[in-house]
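Visitor: Quick one: the structure is below, and I'll ask about it shortly.
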2 protein chains.
Amino acid sequence: MSESRPAGQHTVRRHNSALVLGAIAESPGISRAGVAARTGLTKATVSTLVDRLVSAALVRDAGPEHRAGPGRRGTSLSLSPTGPHGLGVEIAVDYIATCLVDLTGEVRWSQVREADNRDRPAGRVLARVGTAVRDALRHATELSITVGGIGVAVPGLVEASSGLLRRAPNLGWHNVDLPAELSKRTELPGVPVLVGNEANLAALAELRAGAPADFVHVSGEIGIGAGIVLGGELYDGTRGFGGELGHFPVSSRGPVCSCGARGCLERLAGQEAILTRAGAADPGALVERLEAGDRAASAAVRSAARWLGTALSSVLNLLDVPTVVLGGTYARLYPWLHEPLRAELQARVLSAPWASIEVRRSALGTEAAVRGAATSVLRSIVADPDTFIAARTA
Amino acid sequence: MSESRPAGQHTVRRHNSALVLGAIAESPGISRAGVAARTGLTKATVSTLVDRLVSAALVRDAGPEHRAGPGRRGTSLSLSPTGPHGLGVEIAVDYIATCLVDLTGEVRWSQVREADNRDRPAGRVLARVGTAVRDALRHATELSITVGGIGVAVPGLVEASSGLLRRAPNLGWHNVDLPAELSKRTELPGVPVLVGNEANLAALAELRAGAPADFVHVSGEIGIGAGIVLGGELYDGTRGFGGELGHFPVSSRGPVCSCGARGCLERLAGQEAILTRAGAADPGALVERLEAGDRAASAAVRSAARWLGTALSSVLNLLDVPTVVLGGTYARLYPWLHEPLRAELQARVLSAPWASIEVRRSALGTEAAVRGAATSVLRSIVADPDTFIAARTA
């Protein structure tokens, strides 16, 4: 590649590479001719770009298409399972999760370590995160996996423009520069680090796992977050701070929250509120009691369902999306949660008599956020393959 | 126009007409060459289409461009002020408004009639609406104005797919087919009737009047509605029912609402709640008292501001939009409302310490909804000029 070419040509190739890779991502098994028809590029241009994407291990050429009818067979192109992987990390209040996901969405390796991260100094938690990431990188090396980037899911407000974690109320963190901290601790200066809110990343993963084009994903953990998907795209606000559902004021008589307000949803329908009310030590014990028909346990879940329904009915009245996806701990509690929640929504959403509301269980449960973190890395590679190729050959 | 042409050609021309008219709408003063560059169509195609749009009075060709520099002068194209007008109607709880707006956004005529429409039989109110519309049509004829369609703003839930007004709580209406009712009463079977929620249409009008690309418009009248604009587009939900803010449950101890729930925003921060608390007969009297420094009046507005802030902070936490536009009666109360509202948002919106929130006064005030209703007609003509042309020549 000559450096004397005008900048314009790089820009055009960059744009066209993304077009071609996007077409292949959307239609696995597509031929070169199919890509040309779809993108409006010439077959010659498509062939050159595909060859480059194949040699960068972003695309797999699986040989002749299997199809009936006359005409020359094209070869079948798809995203490569042996190309760059996304390394996902979730820093939760009570665990650290990591995973390695390939471009086709397959999870190649994953790990969850319990950890009490609440109100610990950020440095101590980041040391644990560093250990977990280095461990994931070691497994990547063993499995001959190239890591294309690290995606980090955090239970807090992440500024899209800077990647700065502005505030994580349940961790007690303020203004943590995670990309810088992780680069320092993993000694991988060339690997991009993308940071996002856990609820938004969970919604992204659910979208990839087959959720419909318009939904609100609610992840119930220690905190409660929402991820909004409109028209098949994650909507996280003009600055990345969208989806904060945990501090919806649902009861003016409710308990005081760490945010300073009173009666926030999190204090009334979060995991801890349910466990306390049910007298259960952890979600596993709660589920056992629910299965045994314990009264206190089911009353605790019904109460949470009603508060959650109060907040979600406001969301549906505002956004008119037809589907609520229950994730995180709510996915585990789905069998007991969904009926009282649906009843509350049916009573409070003004359009409910004519516009159906679906409450469904998350496909990924508590794994959604870490999966979404890895997916965010892969999404950024597919959106701009040339930056990945340039970094690899630098 | 021959009927033997293949359907495909009509479809292509229809698409290209919309492209050309859209380019002219976005860049008033553009030349034919400019339109060609912008749309990717040939100059010959653009010229043919522009000529057709000019003869349908949708586009005005103002003659040679005034610009410096070399090269042949193009002629300056813009939307025509003498083409079809939108007839806007707003059916409010306490008035009926009508207006005639041209394609450039100029209001050529408007009228507001006070009326007590609450809990009246729909037929009686529709008779008044019919009278108001016929009156507007008479003025259109006097002013030699072509009416391209009737847009109707209503304080209720309108189903986008059918145009059916499903429910208007403050009017007491259910399932009213306004397009059919108005066509019957105005005897204009060929004129399209578009129905929309008043808060959404008000937001659309504010967007056209210069509001930024991302905002929530709150119209405080008897009811309270929101219109959401994201990325320069009105977002009204998957079925058109979005923007319902009036029934946000802000106080679990609040009064019972007409919707059946308790402590809805409308009951605590709506126009009637403010007037009752202030002991004022109408918004005019309230403003007089506020200007005179009356304590009860300012306490009533401060209380409404706090409740409004509680609900709006949830909206901003969810959507992360940087701007709140206060419309309707709230626009009149802006000088007294905006400081306590801003303080409440600053305290409750989690990202407020790093992400600024702007509270601004609506440019159009109580006129926004009827203006938006007329705009919706013009927007549909610009989006599909061929349907308008075909109807005109049928």
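The way I read the labels, and the way they are meant: chains A, B, ... in the order of the structure tokens, residue 1 as the first residue of every chain, and ligand 1 as the first ligand shown, with later ones counted on from there.
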Can you work out which residues from chain A touch chain B at a cut-off of 6 Å (counting only C-alpha atoms) and hand them back as a list in words?

Guide: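 Applying the cut-off to the listed atoms yields Gly237, Thr238, Phe241, Gly242, Gly243, Glu244, Phe248, Ser251, Ser252, Ser314, Asn317, Leu318, Leu319, Asp320 and Val321 of chain A.
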
Visitor: Fewer than 3 positions away in the same chain doesn't count, so skip those; otherwise give me all residues within 12 Å of segment 113-119 of chain A, counting only C-alpha atoms, as a VMD selection string.

Guide: chain A and resid 89 to 99 110 122 to 129 131 to 133 135 154 to 155 168 to 174 222 to 223 258

Visitor: Ala343 of chain B: which residues within 12 Å, counting only C-alpha atoms, same-chain residues fewer than 3 positions away excluded, as a list in words?

Guide: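 Listing them by chain and then by number gives Arg302, Ala305, Arg306, Trp307, Leu308, Gly309, Thr310, Leu312, Ser313, Leu337, His338, Glu339, Pro340, Gln346, Ala347, Arg348, Val349, Ala352, Ile357, Glu358 and Val359 of chain B.
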
Visitor: Taking only segment 300-343 of chain A into account, list the residues labelled alpha helix (DSSP H) by DSSP (computed from the backbone), as a PDB file with C-alpha atoms, in the first residue's frame.

Guide:
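Contents of the output file out07.pdb:
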ATOM      1  CA  ALA A 300     -42.248 -10.407  47.484  1.00  0.00           C
ATOM      2  CA  VAL A 301     -42.169 -11.115  43.742  1.00  0.00           C
ATOM      3  CA  ARG A 302     -45.747  -9.894  43.246  1.00  0.00           C
ATOM      4  CA  SER A 303     -44.937  -6.660  45.047  1.00  0.00           C
ATOM      5  CA  ALA A 304     -41.850  -6.127  42.862  1.00  0.00           C
ATOM      6  CA  ALA A 305     -43.954  -6.884  39.768  1.00  0.00           C
ATOM      7  CA  ARG A 306     -46.434  -4.166  40.700  1.00  0.00           C
ATOM      8  CA  TRP A 307     -43.741  -1.510  41.233  1.00  0.00           C
ATOM      9  CA  LEU A 308     -41.977  -2.577  38.060  1.00  0.00           C
ATOM     10  CA  GLY A 309     -45.317  -2.391  36.238  1.00  0.00           C
ATOM     11  CA  THR A 310     -45.865   1.155  37.540  1.00  0.00           C
ATOM     12  CA  ALA A 311     -42.542   2.322  36.094  1.00  0.00           C
ATOM     13  CA  LEU A 312     -42.767   0.313  32.865  1.00  0.00           C
ATOM     14  CA  SER A 313     -46.296   1.531  32.158  1.00  0.00           C
ATOM     15  CA  SER A 314     -44.862   5.068  32.079  1.00  0.00           C
ATOM     16  CA  VAL A 315     -42.183   3.893  29.654  1.00  0.00           C
ATOM     17  CA  LEU A 316     -44.757   2.246  27.382  1.00  0.00           C
ATOM     18  CA  ASN A 317     -47.109   5.235  27.591  1.00  0.00           C
ATOM     19  CA  LEU A 318     -44.209   7.414  26.504  1.00  0.00           C
ATOM     20  CA  LEU A 319     -42.635   5.211  23.828  1.00  0.00           C
ATOM     21  CA  THR A 329     -32.525 -11.797  37.665  1.00  0.00           C
ATOM     22  CA  TYR A 330     -35.987 -10.961  36.300  1.00  0.00           C
ATOM     23  CA  ALA A 331     -35.426 -13.655  33.650  1.00  0.00           C
ATOM     24  CA  ARG A 332     -34.986 -16.238  36.426  1.00  0.00           C
ATOM     25  CA  TYR A 334     -40.115 -14.809  34.978  1.00  0.00           C
ATOM     26  CA  PRO A 335     -42.531 -17.665  35.807  1.00  0.00           C
ATOM     27  CA  TRP A 336     -43.710 -15.819  38.932  1.00  0.00           C
ATOM     28  CA  LEU A 337     -43.177 -12.251  37.749  1.00  0.00           C
ATOM     29  CA  HIS A 338     -44.788 -12.082  34.346  1.00  0.00           C
ATOM     30  CA  GLU A 339     -48.482 -12.463  35.216  1.00  0.00           C
ATOM     31  CA  PRO A 340     -48.714  -9.719  37.886  1.00  0.00           C
ATOM     32  CA  LEU A 341     -46.494  -7.487  35.721  1.00  0.00           C
ATOM     33  CA  ARG A 342     -48.686  -8.008  32.667  1.00  0.00           C
ATOM     34  CA  ALA A 343     -51.802  -7.226  34.734  1.00  0.00           C
TER      35      ALA A 343
END

Visitor: Got a sec: who's within 6 Å of segment 372-387 of chain B, counting only C-alpha atoms, leaving out chain neighbours fewer than 5 positions off, as a PyMOL selection string?

Guide: chain B and resi 14+18+86-88+149+151-153+201-202+204-205

Visitor: Taking the DSSP assignment computed from this structure's backbone, write out as a compact mmCIF listing (two decimals) with C-alpha atoms, in the first residue's frame all residues of segment 191-317 of chain B that belong to strand (DSSP E or B).

Guide:
# COMPACT_ATOMS: atom_id res chain seq x y z
CA VAL B 193 -58.02 13.95 6.42
CA LEU B 194 -55.04 13.18 8.67
CA VAL B 195 -55.56 12.81 12.41
CA GLY B 196 -52.86 13.03 15.06
CA ASN B 197 -52.30 13.53 18.76
CA PHE B 215 -36.12 17.48 22.46
CA VAL B 216 -39.24 16.70 24.45
CA HIS B 217 -42.09 19.11 23.96
CA VAL B 218 -44.54 19.29 26.86
CA SER B 219 -47.88 20.87 26.24
CA GLY B 220 -49.75 21.79 29.36
CA ILE B 224 -50.64 17.13 29.62
CA GLY B 225 -49.03 15.55 26.59
CA ALA B 226 -45.48 15.11 25.35
CA GLY B 227 -44.07 15.04 21.86
CA ILE B 228 -40.67 13.42 21.40
CA VAL B 229 -38.28 14.45 18.65
CA LEU B 230 -35.16 12.29 18.19
CA GLU B 233 -37.75 13.22 13.49
CA LEU B 234 -40.97 13.03 15.46
CA TYR B 235 -41.04 9.74 17.38
CA PRO B 249 -47.86 8.39 38.45
CA VAL B 256 -57.78 9.76 41.70
CA ARG B 262 -54.00 7.69 41.53
CA CYS B 264 -51.35 11.15 37.74

Visitor: Nearest to Gly130 of chain A: which of A:Gly190, A:Arg185, A:Glu106, A:Leu164 is it, counting only C-alpha atoms?

Guide: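 Among A:Gly190, A:Arg185, A:Glu106, A:Leu164, it is A:Arg185 that comes nearest to Gly130 of chain A.
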
Visitor: Considering only C-alpha atoms, can you say which of B:Ala44, B:Ala299, B:Ser78, B:Ala203 comes closest to Gly29 of chain B?

Guide: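 Going through B:Ala44, B:Ala299, B:Ser78, B:Ala203 one by one, the smallest distance to Gly29 of chain B is for B:Ser78.
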